[in-house]
Structure formats: C-alpha cells, structure tokens
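Source file: target_21.pdb (PDB, C-alpha atoms)
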ATOM      1  CA  MET A  66       2.426   1.493 -18.406
ATOM      2  CA  ASN A  67       4.827  -0.932 -16.646
ATOM      3  CA  ASP A  68       6.314   2.039 -14.897
ATOM      4  CA  ASN A  69       7.011   0.231 -11.626
ATOM      5  CA  PHE A  70       8.585  -2.907 -13.112
ATOM      6  CA  ASN A  71      12.207  -3.604 -12.226
ATOM      7  CA  PRO A  72      13.676  -6.686 -13.969
ATOM      8  CA  GLU A  73      16.084  -7.317 -11.072
ATOM      9  CA  LEU A  74      13.358  -7.527  -8.473
ATOM     10  CA  ASP A  75      10.206  -8.389 -10.354
ATOM     11  CA  LEU A  76       8.560 -11.037 -12.536
ATOM     12  CA  MET A  77       6.348 -10.510 -15.550
ATOM     13  CA  LEU A  78       4.064 -12.536 -17.783
ATOM     14  CA  GLU A  79       3.050 -10.992 -21.122
ATOM     15  CA  ARG A  80       0.602 -12.637 -23.500
ATOM     16  CA  ILE A  81      -1.700 -11.789 -26.362
ATOM     17  CA  VAL A  82      -5.033 -13.490 -25.758
ATOM     18  CA  ASP A  83      -7.986 -13.625 -28.136
ATOM     19  CA  VAL A  84     -10.693 -12.583 -25.701
ATOM     20  CA  PRO A  85     -11.988  -9.059 -24.984
ATOM     21  CA  ARG A  86     -10.467  -7.251 -22.036
ATOM     22  CA  GLU A  87     -13.853  -6.461 -20.506
ATOM     23  CA  LEU A  88     -14.373 -10.188 -19.888
ATOM     24  CA  ILE A  89     -10.884 -10.575 -18.385
ATOM     25  CA  TRP A  90     -11.604  -7.662 -16.056
ATOM     26  CA  GLU A  91     -14.834  -9.346 -15.012
ATOM     27  CA  ALA A  92     -12.980 -12.604 -14.379
ATOM     28  CA  TRP A  93     -10.571 -10.768 -12.059
ATOM     29  CA  THR A  94     -13.151  -8.762 -10.132
ATOM     30  CA  THR A  95     -16.193 -11.029  -9.628
ATOM     31  CA  PRO A  96     -15.793 -13.838  -7.061
ATOM     32  CA  GLU A  97     -17.861 -16.441  -8.913
ATOM     33  CA  LYS A  98     -15.967 -15.718 -12.147
ATOM     34  CA  LEU A  99     -12.557 -15.693 -10.446
ATOM     35  CA  MET A 100     -12.785 -18.914  -8.468
ATOM     36  CA  PRO A 101     -12.832 -21.376 -11.408
ATOM     37  CA  TRP A 102      -9.449 -20.273 -12.826
ATOM     38  CA  PHE A 103      -7.476 -18.516 -10.057
ATOM     39  CA  CYS A 104      -5.373 -21.545  -8.975
ATOM     40  CA  PRO A 105      -3.377 -23.893 -11.159
ATOM     41  CA  LEU A 106      -5.061 -27.299 -11.023
ATOM     42  CA  PRO A 107      -5.232 -29.566  -9.021
ATOM     43  CA  TRP A 108      -5.419 -26.704  -6.490
ATOM     44  CA  LYS A 109      -8.774 -24.981  -6.092
ATOM     45  CA  THR A 110      -9.923 -21.548  -5.015
ATOM     46  CA  VAL A 111     -12.698 -22.425  -2.586
ATOM     47  CA  GLU A 112     -13.565 -18.953  -1.267
ATOM     48  CA  CYS A 113     -13.297 -15.448  -2.636
ATOM     49  CA  GLU A 114     -14.419 -12.056  -1.351
ATOM     50  CA  ILE A 115     -13.875  -8.849  -3.282
ATOM     51  CA  ASP A 116     -14.502  -5.298  -2.080
ATOM     52  CA  LEU A 117     -13.725  -3.554  -5.342
ATOM     53  CA  ARG A 118     -12.419  -0.162  -4.251
ATOM     54  CA  VAL A 119      -8.987   1.252  -3.506
ATOM     55  CA  GLY A 120      -8.208   0.129   0.045
ATOM     56  CA  GLY A 121     -10.763  -2.692  -0.290
ATOM     57  CA  ARG A 122     -10.307  -6.345   0.547
ATOM     58  CA  PHE A 123      -9.244  -9.062  -1.872
ATOM     59  CA  TYR A 124      -9.599 -12.356  -0.053
ATOM     60  CA  THR A 125      -9.162 -15.868  -1.397
ATOM     61  CA  VAL A 126      -8.804 -19.307   0.113
ATOM     62  CA  MET A 127      -6.835 -21.843  -1.854
ATOM     63  CA  GLN A 128      -7.205 -25.543  -1.214
ATOM     64  CA  SER A 129      -4.499 -28.108  -1.831
ATOM     65  CA  PRO A 130      -5.304 -31.470  -3.444
ATOM     66  CA  GLU A 131      -5.041 -32.928   0.088
ATOM     67  CA  GLY A 132      -7.791 -30.582   1.253
ATOM     68  CA  GLN A 133      -5.657 -28.130   3.244
ATOM     69  CA  ARG A 134      -6.916 -24.534   3.143
ATOM     70  CA  PHE A 135      -4.662 -21.478   2.721
ATOM     71  CA  PRO A 136      -6.238 -18.042   3.116
ATOM     72  CA  ASN A 137      -4.730 -14.980   1.383
ATOM     73  CA  THR A 138      -5.687 -11.398   2.170
ATOM     74  CA  GLY A 139      -4.794  -8.466  -0.040
ATOM     75  CA  CYS A 140      -5.629  -4.787  -0.365
ATOM     76  CA  TYR A 141      -6.475  -3.113  -3.674
ATOM     77  CA  LEU A 142      -4.253  -0.163  -4.600
ATOM     78  CA  GLU A 143      -5.260   0.752  -8.160
ATOM     79  CA  LEU A 144      -8.496   0.007  -9.998
ATOM     80  CA  VAL A 145      -8.990   1.373 -13.489
ATOM     81  CA  LYS A 146     -11.864  -0.592 -14.979
ATOM     82  CA  ASN A 147     -10.867  -2.825 -17.913
ATOM     83  CA  GLU A 148      -7.314  -1.429 -17.791
ATOM     84  CA  ARG A 149      -5.337  -1.766 -14.603
ATOM     85  CA  LEU A 150      -5.699  -3.609 -11.318
ATOM     86  CA  THR A 151      -3.106  -3.601  -8.519
ATOM     87  CA  TRP A 152      -3.217  -5.211  -5.115
ATOM     88  CA  THR A 153      -0.708  -6.090  -2.412
ATOM     89  CA  ASN A 154      -0.440  -8.402   0.576
ATOM     90  CA  ALA A 155       1.971  -5.935   2.246
ATOM     91  CA  LEU A 156      -1.110  -4.037   3.401
ATOM     92  CA  GLU A 157      -4.290  -5.354   4.897
ATOM     93  CA  PRO A 158      -7.607  -3.891   3.755
ATOM     94  CA  GLY A 159      -7.870  -0.227   4.754
ATOM     95  CA  PHE A 160      -4.116   0.163   4.131
ATOM     96  CA  ARG A 161      -3.003  -1.250   7.504
ATOM     97  CA  PRO A 162       0.596  -2.577   7.355
ATOM     98  CA  ALA A 163       0.479  -6.379   7.247
ATOM     99  CA  LYS A 164       2.453  -8.536   9.626
ATOM    100  CA  GLN A 165       5.437 -10.289   8.118
ATOM    101  CA  PRO A 166       4.167 -13.482   6.473
ATOM    102  CA  GLU A 167       4.747 -16.671   8.406
ATOM    103  CA  ALA A 168       6.036 -19.988   7.170
ATOM    104  CA  SER A 169       3.296 -21.707   5.179
ATOM    105  CA  PRO A 170       4.535 -25.207   4.312
ATOM    106  CA  GLY A 171       2.839 -26.471   1.178
ATOM    107  CA  HIS A 172       1.922 -22.949   0.069
ATOM    108  CA  GLU A 173       5.314 -21.242  -0.048
ATOM    109  CA  CYS A 174       4.138 -18.461  -2.378
ATOM    110  CA  ALA A 175       2.272 -16.968   0.607
ATOM    111  CA  GLU A 176       5.528 -16.639   2.521
ATOM    112  CA  PHE A 177       6.653 -13.368   1.008
ATOM    113  CA  LEU A 178       5.223  -9.957   0.377
ATOM    114  CA  LEU A 179       4.259  -8.988  -3.131
ATOM    115  CA  THR A 180       2.408  -6.388  -5.133
ATOM    116  CA  ALA A 181       0.700  -7.636  -8.292
ATOM    117  CA  THR A 182      -0.456  -5.546 -11.237
ATOM    118  CA  ILE A 183      -2.624  -6.703 -14.148
ATOM    119  CA  LEU A 184      -2.626  -4.539 -17.264
ATOM    120  CA  LEU A 185      -5.171  -5.009 -20.040
ATOM    121  CA  GLU A 186      -4.556  -3.276 -23.356
ATOM    122  CA  PRO A 187      -6.600  -3.477 -26.552
ATOM    123  CA  HIS A 188      -4.877  -5.520 -29.257
ATOM    124  CA  ALA A 189      -5.764  -6.410 -32.855
ATOM    125  CA  LYS A 190      -6.177 -10.067 -31.803
ATOM    126  CA  GLY A 191      -8.040  -9.305 -28.578
ATOM    127  CA  THR A 192      -6.117  -8.213 -25.506
ATOM    128  CA  LYS A 193      -2.524  -7.684 -24.523
ATOM    129  CA  TYR A 194      -2.375  -9.159 -21.027
ATOM    130  CA  THR A 195       0.483  -8.185 -18.744
ATOM    131  CA  ALA A 196       0.830  -9.399 -15.181
ATOM    132  CA  TYR A 197       3.779  -8.332 -13.107
ATOM    133  CA  VAL A 198       4.671  -8.970  -9.510
ATOM    134  CA  GLN A 199       6.914  -6.705  -7.463
ATOM    135  CA  HIS A 200       9.031  -8.094  -4.615
ATOM    136  CA  SER A 201      10.945  -6.332  -1.867
ATOM    137  CA  ASP A 202      14.306  -7.819  -2.861
ATOM    138  CA  VAL A 203      16.199 -10.020  -5.315
ATOM    139  CA  GLU A 204      16.040 -13.067  -3.019
ATOM    140  CA  ASN A 205      12.250 -13.126  -3.081
ATOM    141  CA  ARG A 206      12.158 -12.612  -6.840
ATOM    142  CA  ILE A 207      14.470 -15.610  -7.311
ATOM    143  CA  ARG A 208      12.460 -17.679  -4.846
ATOM    144  CA  HIS A 209       9.186 -16.871  -6.621
ATOM    145  CA  GLU A 210      10.745 -17.556 -10.018
ATOM    146  CA  LYS A 211      12.015 -20.997  -8.922
ATOM    147  CA  MET A 212       8.623 -21.757  -7.417
ATOM    148  CA  GLY A 213       7.267 -21.534 -10.975
ATOM    149  CA  PHE A 214       5.798 -18.051 -11.312
ATOM    150  CA  GLU A 215       5.612 -18.146 -15.087
ATOM    151  CA  GLU A 216       4.160 -21.665 -15.350
ATOM    152  CA  GLY A 217       1.663 -20.982 -12.575
ATOM    153  CA  TRP A 218       0.414 -17.623 -13.795
ATOM    154  CA  GLY A 219       0.462 -18.877 -17.385
ATOM    155  CA  ALA A 220      -1.626 -21.952 -16.511
ATOM    156  CA  CYS A 221      -4.161 -19.764 -14.675
ATOM    157  CA  LEU A 222      -4.409 -17.405 -17.627
ATOM    158  CA  ASN A 223      -5.008 -20.381 -19.952
ATOM    159  CA  GLN A 224      -7.827 -21.547 -17.684
ATOM    160  CA  LEU A 225      -9.290 -18.045 -17.617
ATOM    161  CA  VAL A 226      -9.236 -17.750 -21.426
ATOM    162  CA  ALA A 227     -10.693 -21.253 -21.901
ATOM    163  CA  ILE A 228     -13.599 -20.447 -19.567
ATOM    164  CA  ILE A 229     -14.385 -17.164 -21.315
ATOM    165  CA  LYS A 230     -14.391 -18.946 -24.691
ATOM    166  CA  SER A 231     -16.529 -21.845 -23.540
ATOM    167  CA  SER A 232     -19.169 -19.540 -22.101
ATOM    168  CA  SER A 233     -19.449 -17.208 -25.087
TER     169      SER A 233
ATOM    170  CA  MET B1086     -14.210   9.360   7.544
ATOM    171  CA  ASN B1087     -11.975   7.531  10.050
ATOM    172  CA  ASP B1088     -13.191   4.306   8.541
ATOM    173  CA  ASN B1089      -9.923   2.451   8.955
ATOM    174  CA  PHE B1090      -9.186   3.469  12.541
ATOM    175  CA  ASN B1091      -9.052   0.690  15.153
ATOM    176  CA  PRO B1092      -8.501   1.922  18.735
ATOM    177  CA  GLU B1093      -6.716  -1.308  19.709
ATOM    178  CA  LEU B1094      -4.104  -1.001  17.009
ATOM    179  CA  ASP B1095      -3.980   2.666  16.099
ATOM    180  CA  LEU B1096      -3.242   6.138  17.448
ATOM    181  CA  MET B1097      -5.104   9.352  16.719
ATOM    182  CA  LEU B1098      -4.659  13.072  17.258
ATOM    183  CA  GLU B1099      -7.728  15.285  16.820
ATOM    184  CA  ARG B1100      -7.596  19.070  17.082
ATOM    185  CA  ILE B1101      -9.532  22.123  16.013
ATOM    186  CA  VAL B1102      -7.084  24.654  14.587
ATOM    187  CA  ASP B1103      -7.873  28.220  13.514
ATOM    188  CA  VAL B1104      -6.226  28.142  10.110
ATOM    189  CA  PRO B1105      -7.801  27.251   6.750
ATOM    190  CA  ARG B1106      -7.418  23.681   5.568
ATOM    191  CA  GLU B1107      -6.041  24.743   2.185
ATOM    192  CA  LEU B1108      -2.932  26.084   3.945
ATOM    193  CA  ILE B1109      -2.546  22.919   6.021
ATOM    194  CA  TRP B1110      -2.765  20.855   2.840
ATOM    195  CA  GLU B1111      -0.067  23.030   1.289
ATOM    196  CA  ALA B1112       2.126  22.576   4.381
ATOM    197  CA  TRP B1113       1.821  18.798   4.012
ATOM    198  CA  THR B1114       2.436  18.609   0.274
ATOM    199  CA  THR B1115       5.115  21.200  -0.573
ATOM    200  CA  PRO B1116       8.689  20.360   0.525
ATOM    201  CA  GLU B1117       9.734  23.916   1.432
ATOM    202  CA  LYS B1118       6.545  24.382   3.457
ATOM    203  CA  LEU B1119       6.797  20.973   5.157
ATOM    204  CA  MET B1120      10.417  21.082   6.294
ATOM    205  CA  PRO B1121      10.092  23.876   8.910
ATOM    206  CA  TRP B1122       7.494  22.051  11.047
ATOM    207  CA  PHE B1123       7.679  18.304  10.277
ATOM    208  CA  CYS B1124       9.966  17.340  13.211
ATOM    209  CA  PRO B1125       9.560  18.221  16.864
ATOM    210  CA  LEU B1126      12.427  20.565  17.796
ATOM    211  CA  PRO B1127      15.380  20.270  18.353
ATOM    212  CA  TRP B1128      15.208  17.730  15.506
ATOM    213  CA  LYS B1129      15.158  19.117  11.970
ATOM    214  CA  THR B1130      13.834  17.952   8.627
ATOM    215  CA  VAL B1131      16.815  18.643   6.372
ATOM    216  CA  GLU B1132      15.580  17.103   3.109
ATOM    217  CA  CYS B1133      12.175  16.476   1.593
ATOM    218  CA  GLU B1134      11.020  15.176  -1.763
ATOM    219  CA  ILE B1135       7.375  14.819  -2.706
ATOM    220  CA  ASP B1136       5.927  13.170  -5.792
ATOM    221  CA  LEU B1137       2.305  14.022  -5.170
ATOM    222  CA  ARG B1138       0.397  11.202  -6.818
ATOM    223  CA  VAL B1139      -0.940   7.871  -5.635
ATOM    224  CA  GLY B1140       2.058   5.524  -5.713
ATOM    225  CA  GLY B1141       4.409   8.530  -5.557
ATOM    226  CA  ARG B1142       7.368   9.038  -3.237
ATOM    227  CA  PHE B1143       7.282  10.850   0.078
ATOM    228  CA  TYR B1144      10.875  11.176   1.238
ATOM    229  CA  THR B1145      12.231  13.037   4.242
ATOM    230  CA  VAL B1146      15.540  13.129   6.079
ATOM    231  CA  MET B1147      15.427  13.971   9.761
ATOM    232  CA  GLN B1148      18.484  15.200  11.580
ATOM    233  CA  SER B1149      19.112  14.699  15.281
ATOM    234  CA  PRO B1150      20.506  17.525  17.441
ATOM    235  CA  GLU B1151      23.861  15.678  17.215
ATOM    236  CA  GLY B1152      23.761  15.924  13.429
ATOM    237  CA  GLN B1153      22.904  12.306  12.617
ATOM    238  CA  ARG B1154      20.704  11.868   9.543
ATOM    239  CA  PHE B1155      17.746   9.465   9.318
ATOM    240  CA  PRO B1156      16.051   9.009   5.922
ATOM    241  CA  ASN B1157      12.389   7.925   5.684
ATOM    242  CA  THR B1158      10.728   6.748   2.487
ATOM    243  CA  GLY B1159       6.988   6.448   2.069
ATOM    244  CA  CYS B1160       4.463   5.856  -0.688
ATOM    245  CA  TYR B1161       1.267   7.883  -1.096
ATOM    246  CA  LEU B1162      -1.941   5.844  -1.086
ATOM    247  CA  GLU B1163      -4.751   8.432  -1.050
ATOM    248  CA  LEU B1164      -4.662  12.077  -2.099
ATOM    249  CA  VAL B1165      -7.848  14.114  -2.026
ATOM    250  CA  LYS B1166      -6.773  17.734  -2.192
ATOM    251  CA  ASN B1167      -7.523  19.725   0.987
ATOM    252  CA  GLU B1168      -9.302  16.699   2.475
ATOM    253  CA  ARG B1169      -7.416  13.477   2.862
ATOM    254  CA  LEU B1170      -3.816  12.326   2.563
ATOM    255  CA  THR B1171      -2.576   8.797   3.303
ATOM    256  CA  TRP B1172       0.880   7.328   2.993
ATOM    257  CA  THR B1173       2.674   4.243   4.249
ATOM    258  CA  ASN B1174       6.222   3.044   4.783
ATOM    259  CA  ALA B1175       5.063  -0.555   4.260
ATOM    260  CA  LEU B1176       5.350   0.111   0.527
ATOM    261  CA  GLU B1177       8.095   1.835  -1.381
ATOM    262  CA  PRO B1178       7.168   4.272  -4.129
ATOM    263  CA  GLY B1179       5.426   2.463  -6.988
ATOM    264  CA  PHE B1180       3.763   0.133  -4.447
ATOM    265  CA  ARG B1181       6.738  -2.225  -4.032
ATOM    266  CA  PRO B1182       6.619  -4.078  -0.682
ATOM    267  CA  ALA B1183       9.177  -2.511   1.656
ATOM    268  CA  LYS B1184      11.764  -4.558   3.471
ATOM    269  CA  GLN B1185      11.186  -4.988   7.192
ATOM    270  CA  PRO B1186      12.567  -1.904   8.922
ATOM    271  CA  GLU B1187      15.930  -2.329  10.599
ATOM    272  CA  ALA B1188      17.016  -1.207  14.026
ATOM    273  CA  SER B1189      17.536   2.561  13.959
ATOM    274  CA  PRO B1190      19.039   3.556  17.336
ATOM    275  CA  GLY B1191      18.167   7.152  18.136
ATOM    276  CA  HIS B1192      15.243   7.155  15.714
ATOM    277  CA  GLU B1193      13.112   4.305  16.992
ATOM    278  CA  CYS B1194       9.937   5.546  15.299
ATOM    279  CA  ALA B1195      11.434   4.379  11.981
ATOM    280  CA  GLU B1196      11.664   0.830  13.305
ATOM    281  CA  PHE B1197       8.117  -0.199  12.581
ATOM    282  CA  LEU B1198       5.706  -0.105   9.706
ATOM    283  CA  LEU B1199       2.893   2.390   9.736
ATOM    284  CA  THR B1200       0.218   3.955   7.570
ATOM    285  CA  ALA B1201      -0.641   7.573   8.354
ATOM    286  CA  THR B1202      -3.795   9.434   7.344
ATOM    287  CA  ILE B1203      -4.428  13.173   7.671
ATOM    288  CA  LEU B1204      -8.042  14.327   7.460
ATOM    289  CA  LEU B1205      -8.951  17.987   7.045
ATOM    290  CA  GLU B1206     -12.567  19.024   7.591
ATOM    291  CA  PRO B1207     -14.063  22.507   7.499
ATOM    292  CA  HIS B1208     -14.976  23.791  10.977
ATOM    293  CA  ALA B1209     -16.580  27.007  12.251
ATOM    294  CA  LYS B1210     -13.260  27.969  13.884
ATOM    295  CA  GLY B1211     -11.095  26.942  10.952
ATOM    296  CA  THR B1212     -10.256  23.275  10.436
ATOM    297  CA  LYS B1213     -10.871  19.995  12.179
ATOM    298  CA  TYR B1214      -7.510  18.248  11.920
ATOM    299  CA  THR B1215      -7.358  14.487  12.424
ATOM    300  CA  ALA B1216      -4.178  12.474  12.117
ATOM    301  CA  TYR B1217      -4.261   8.753  12.682
ATOM    302  CA  VAL B1218      -1.586   6.126  12.367
ATOM    303  CA  GLN B1219      -2.302   2.461  11.714
ATOM    304  CA  HIS B1220       0.034  -0.265  12.983
ATOM    305  CA  SER B1221       0.226  -3.947  12.167
ATOM    306  CA  ASP B1222      -0.299  -5.076  15.762
ATOM    307  CA  VAL B1223      -0.954  -4.004  19.357
ATOM    308  CA  GLU B1224       2.735  -4.178  20.299
ATOM    309  CA  ASN B1225       3.707  -1.550  17.766
ATOM    310  CA  ARG B1226       0.806   0.687  18.778
ATOM    311  CA  ILE B1227       1.946   0.535  22.426
ATOM    312  CA  ARG B1228       5.560   1.132  21.438
ATOM    313  CA  HIS B1229       4.635   4.157  19.335
ATOM    314  CA  GLU B1230       2.378   5.498  22.098
ATOM    315  CA  LYS B1231       5.158   5.233  24.714
ATOM    316  CA  MET B1232       7.575   6.890  22.322
ATOM    317  CA  GLY B1233       5.342   9.966  22.563
ATOM    318  CA  PHE B1234       3.111   9.872  19.502
ATOM    319  CA  GLU B1235       0.626  12.418  20.841
ATOM    320  CA  GLU B1236       3.230  14.892  22.158
ATOM    321  CA  GLY B1237       5.304  14.590  18.996
ATOM    322  CA  TRP B1238       2.500  14.947  16.473
ATOM    323  CA  GLY B1239       0.890  17.647  18.643
ATOM    324  CA  ALA B1240       4.120  19.661  18.806
ATOM    325  CA  CYS B1241       4.529  19.426  15.036
ATOM    326  CA  LEU B1242       0.962  20.571  14.460
ATOM    327  CA  ASN B1243       1.554  23.540  16.781
ATOM    328  CA  GLN B1244       4.634  24.476  14.759
ATOM    329  CA  LEU B1245       2.672  24.120  11.513
ATOM    330  CA  VAL B1246      -0.152  26.367  12.774
ATOM    331  CA  ALA B1247       2.276  28.973  14.154
ATOM    332  CA  ILE B1248       4.089  29.174  10.797
ATOM    333  CA  ILE B1249       0.851  29.605   8.843
ATOM    334  CA  LYS B1250      -0.254  32.388  11.200
ATOM    335  CA  SER B1251       3.086  34.190  11.141
ATOM    336  CA  SER B1252       3.158  34.248   7.346
ATOM    337  CA  SER B1253      -0.411  35.420   6.793
TER     338      SER B1253
END

Would you write out, as structure tokens, the structure that this file holds?
Amino acid sequence: MNDNFNPELDLMLERIVDVPRELIWEAWTTPEKLMPWFCPLPWKTVECEIDLRVGGRFYTVMQSPEGQRFPNTGCYLELVKNERLTWTNALEPGFRPAKQPEASPGHECAEFLLTATILLEPHAKGTKYTAYVQHSDVENRIRHEKMGFEEGWGACLNQLVAIIKSSS
Amino acid sequence: MNDNFNPELDLMLERIVDVPRELIWEAWTTPEKLMPWFCPLPWKTVECEIDLRVGGRFYTVMQSPEGQRFPNTGCYLELVKNERLTWTNALEPGFRPAKQPEASPGHECAEFLLTATILLEPHAKGTKYTAYVQHSDVENRIRHEKMGFEEGWGACLNQLVAIIKSSS
C-alpha cells in the first residue's frame, strides 16, 4: 500500500485510531468537517474548497495567530473512497504544472513541493491511519522534518479524532 | 473534453486522421510501437519504458543526430483506453514532485515542466486527434511555441499515421 514511500526522501506518520475510517474520510473530504482540525492550533484553517475528483482542486487558507493568511492550492491525484487519498501542490487543478513555490516567511511548509497520501485501513481497534509525504529530494525531506512534520501532522490527527468522538 | 486547456498558457494540435483510434492508442502505449514515430526526424527515440497505470512511469530516451542521448521521465495521470491519455514531467513516477528541470543544451524542450494530454475521438473519417500541452506560465508557452511545438508534434503525428497505414 505504501508503494511510493522512500525513507530517504519521504516522511510518514502511522497511528491506530479508535474511530471508523468512513468518518476520517469525511473529515478529509468535506470543507466544513476539515476546517476545524486541519491546522495545528493556534493556527486556523479559515477557508477550504474541495472539488473531489482526480484533477480537482484542493484549496485551503491557513491563518496565523497574527491574522496573516496563507493560501494553499493542490490537485487531487488518487481518490479511493474510505481508503486512499493523494494530492500534490506540484500540479495545479487540472494537472497544470505549478510554478516553483516562492518564499513564504511564517509559513515555510508552503515553500516546497510535496505529494501527500492518506491511507485508511480497517483495524481491530478502529482504523490504521497512515499519512506520508513525498518530497523531490533529501534536502526538502530534512527541512520538513525539522519544521516538525510529525508533531504537526500528529497534532492535527489528534484534533480530528477528538472532534469525531465528541460529535458521535 | 479539453476542459483543462487555457489558450494563454497552453498549446494544442488538432487533426482529423484516417486511422482508427485503437491503433493510435496502441502507438502511444506500447514501447516498440512508440519508438519509430515519437521524435521528429533526424532525431530518434532509442529507449522507451511504459508502466501503463496512473502513477506509472513513462520513460523515453531521445538521441540527437550527433548521437547525444536525452532521457525524459514522466508520470501518467489519466488513462482511459482509446480515449484519453495524460502524463506530466512535473511528477516522477509514483507522484513524487520532480526537481526543477536543468538546462539541457540541444534539447531545450526538456527544460520546462509540462503536462500533455492526448484525446482520441471517433470521427467519420477515422479519428479526431487532439494533443494539448499545459505549461505553468505564459513564458513557457511562448518558449515552447517558438521552439516549434506545432511543427514537431505535427511531424510526429504524420509519422505515426504513415506507420499505421504501411503496416495495415
């Protein structure tokens, strides 16, 4: 399943979570369910647009605690309901090659290209959740790792799980 | 069908050709059938590897008349048999973001990122063939246009059609 993962170039978060994968899928693919958990606090996701088809647009705007807004545009590559979701910022929606990212002080994780895959597998305790991010080279993997990939994605996943539990 | 085409940023070749689309599809997706026509003469395609699935590798090596070799690696994005084929060099196989292309003197068309789509539609005379190439910005579209996109892709299509006719 993690067929494209390369430990030299990529980063991965693997967790067993005690919520059903259908609800995690929903939280990843519905704007109003994504916005409450998609950023590690005190950052907020203040806008989200999702065109849920291969080649479709995945757009979010993150807001810093100081109120600065950082838009992110991605393109979906793989969508297997309740199982697998992949998008990239190396392509714009409709598969157009993206421009090289510019400097984005305060939001450095938008400064490099990445492809992210979320895998959801059934598990006795709920769901095996795997998120991995592919980078173009070792330098960007190291940069993303130092920026706190694991803490950041882990904190978001905790928020996601807490919200699912509190609303069920 | 040309839903992602933007005339400001992109280039398109549209032709009616009097060969069946199934044979054009085959010529695009089978290495030994692709190599004889894929470069405008006197260039040659001397290697080709195709992993025909979304996320799979599309690899060719072009050879200049002087014998210099230029490898190209792409990733398939859409594959609808006999209808629609899309690949990009902005991603490596498995959807990994590609590095920015480097200077490639003598093979300038490998110096920018592109996404190419081939559409095959049934037509009274055979097939309506549409090839369009998406670029990240106007500058790259102009560069590719001046490099001879239409002549090059047109010459290749003529070779492809001639080969199909001579072998049927």

Can you turn the ChimeraX specification (/A :<7) & /B into a concrete residue list for this file, as JSON, numbers by chain? {"B": [1089, 1175, 1179, 1180, 1181, 1182, 1183, 1184, 1198, 1199, 1200, 1219, 1220, 1221]}

Any chance you could export the current selection's C-alpha atoms as a PDB file, in the frame of the given file?
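Printed below is result.pdb as written:
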ATOM      1  CA  ASN B1089      -9.923   2.451   8.955  1.00  0.00           C
ATOM      2  CA  ALA B1175       5.063  -0.555   4.260  1.00  0.00           C
ATOM      3  CA  GLY B1179       5.426   2.463  -6.988  1.00  0.00           C
ATOM      4  CA  PHE B1180       3.763   0.133  -4.447  1.00  0.00           C
ATOM      5  CA  ARG B1181       6.738  -2.225  -4.032  1.00  0.00           C
ATOM      6  CA  PRO B1182       6.619  -4.078  -0.682  1.00  0.00           C
ATOM      7  CA  ALA B1183       9.177  -2.511   1.656  1.00  0.00           C
ATOM      8  CA  LYS B1184      11.764  -4.558   3.471  1.00  0.00           C
ATOM      9  CA  LEU B1198       5.706  -0.105   9.706  1.00  0.00           C
ATOM     10  CA  LEU B1199       2.893   2.390   9.736  1.00  0.00           C
ATOM     11  CA  THR B1200       0.218   3.955   7.570  1.00  0.00           C
ATOM     12  CA  GLN B1219      -2.302   2.461  11.714  1.00  0.00           C
ATOM     13  CA  HIS B1220       0.034  -0.265  12.983  1.00  0.00           C
ATOM     14  CA  SER B1221       0.226  -3.947  12.167  1.00  0.00           C
TER      15      SER B1221
END

Can you give me, as a VMD selection string, the residues this file yields under the PyMOL selection byres ((chain A and resi 103) around 9)? chain A and resid 93 99 to 102 104 to 105 109 to 110 127 218 221 to 222 224 to 225

For the residues in that selection, give me C-alpha atoms as a short mmCIF file (atom, residue, chain, number, x, y, z; two decimals), in the frame of the given file.
data_model
loop_
_atom_site.label_atom_id
_atom_site.label_comp_id
_atom_site.auth_asym_id
_atom_site.auth_seq_id
_atom_site.Cartn_x
_atom_site.Cartn_y
_atom_site.Cartn_z
CA TRP A 93 -10.57 -10.77 -12.06
CA LEU A 99 -12.56 -15.69 -10.45
CA MET A 100 -12.78 -18.91 -8.47
CA PRO A 101 -12.83 -21.38 -11.41
CA TRP A 102 -9.45 -20.27 -12.83
CA CYS A 104 -5.37 -21.54 -8.98
CA PRO A 105 -3.38 -23.89 -11.16
CA LYS A 109 -8.77 -24.98 -6.09
CA THR A 110 -9.92 -21.55 -5.01
CA MET A 127 -6.84 -21.84 -1.85
CA TRP A 218 0.41 -17.62 -13.80
CA CYS A 221 -4.16 -19.76 -14.68
CA LEU A 222 -4.41 -17.40 -17.63
CA GLN A 224 -7.83 -21.55 -17.68
CA LEU A 225 -9.29 -18.05 -17.62
#

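Distance check against Pro107 in chain A using all atoms listed in the file: of A:Gly213, A:Ala220, A:Arg208, A:Val203, the minimum falls on A:Ala220.
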
Please identify all polymer residues lying at most 12 Å from the point (-13.7, 23.3, 11.2) (file coordinates), using all atoms listed in the file, and present the result as a list of chain:residue names.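 Residues with an atom close enough to that point: B:Glu1099, B:Arg1100, B:Ile1101, B:Val1102, B:Asp1103, B:Val1104, B:Pro1105, B:Arg1106, B:Glu1107, B:Glu1168, B:Leu1204, B:Leu1205, B:Glu1206, B:Pro1207, B:His1208, B:Ala1209, B:Lys1210, B:Gly1211, B:Thr1212, B:Lys1213, B:Tyr1214, B:Thr1215.
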
Students should find that CA of Pro1156 in chain B and CA of Leu1096 in chain B are spaced 22.7 Å

Please, what distance in Å, to one decimal, runs between CA of Leu1098 in chain B and CA of Glu1230 in chain B? 11.4 Å

Top pick for closest residue to Asn1225 in chain B, considering B:Glu1196, B:Lys1166, B:Ala1247, B:Glu1187 and counting only C-alpha atoms: B:Glu1196

Interatomic distance (Å, one decimal) between CA of His172 in chain A and CA of Cys1160 in chain B: 28.9 Å

Test item: residues at most 8 Å from Tyr1144 in chain B, only C-alpha atoms, excluding those fewer than 3 positions along its chain, as a JSON list (two decimals) with C-alpha atoms, keeping the file's coordinate frame:
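For reference, out.json as written:
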[["chain", "number", "residue", "atom", "x", "y", "z"],
["B", 1132, "GLU", "CA", 15.58, 17.10, 3.11],
["B", 1133, "CYS", "CA", 12.18, 16.48, 1.59],
["B", 1134, "GLU", "CA", 11.02, 15.18, -1.76],
["B", 1135, "ILE", "CA", 7.38, 14.82, -2.71],
["B", 1156, "PRO", "CA", 16.05, 9.01, 5.92],
["B", 1157, "ASN", "CA", 12.39, 7.92, 5.68],
["B", 1158, "THR", "CA", 10.73, 6.75, 2.49],
["B", 1159, "GLY", "CA", 6.99, 6.45, 2.07]]

Pick from A:Arg206, A:Leu106, A:Thr94, A:Gly171 nearest to Arg134 in chain A, counting all atoms listed in the file: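 With all atoms listed in the file as the atom set, the closest residue is A:Gly171.
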
Output as lines of an AutoDock Vina configuration file the centre and edge lengths (Å, one decimal) of the box along x, y and z of the file that holds every listed atom of range 1209-1214 of chain B after adding 3 Å on each side.
center_x = -12.0
center_y = 23.1
center_z = 12.2
size_x = 15.1
size_y = 15.7
size_z = 9.4

Can you take the partial range 1094-1098 of chain B, add N, CA and C atoms, and return it as a tab-separated table (two decimals), in the frame of the given file?
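Saved to selection_22.tsv:
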chain	number	residue	atom	x	y	z
B	1094	LEU	N	-5.34	-0.91	17.79
B	1094	LEU	CA	-4.10	-1.00	17.01
B	1094	LEU	C	-3.53	0.36	16.62
B	1095	ASP	N	-4.34	1.40	16.75
B	1095	ASP	CA	-3.98	2.67	16.10
B	1095	ASP	C	-3.91	3.83	17.09
B	1096	LEU	N	-3.36	4.93	16.63
B	1096	LEU	CA	-3.24	6.14	17.45
B	1096	LEU	C	-3.82	7.30	16.67
B	1097	MET	N	-4.45	8.24	17.39
B	1097	MET	CA	-5.10	9.35	16.72
B	1097	MET	C	-4.88	10.66	17.47
B	1098	LEU	N	-4.72	11.71	16.71
B	1098	LEU	CA	-4.66	13.07	17.26
B	1098	LEU	C	-5.76	13.87	16.58
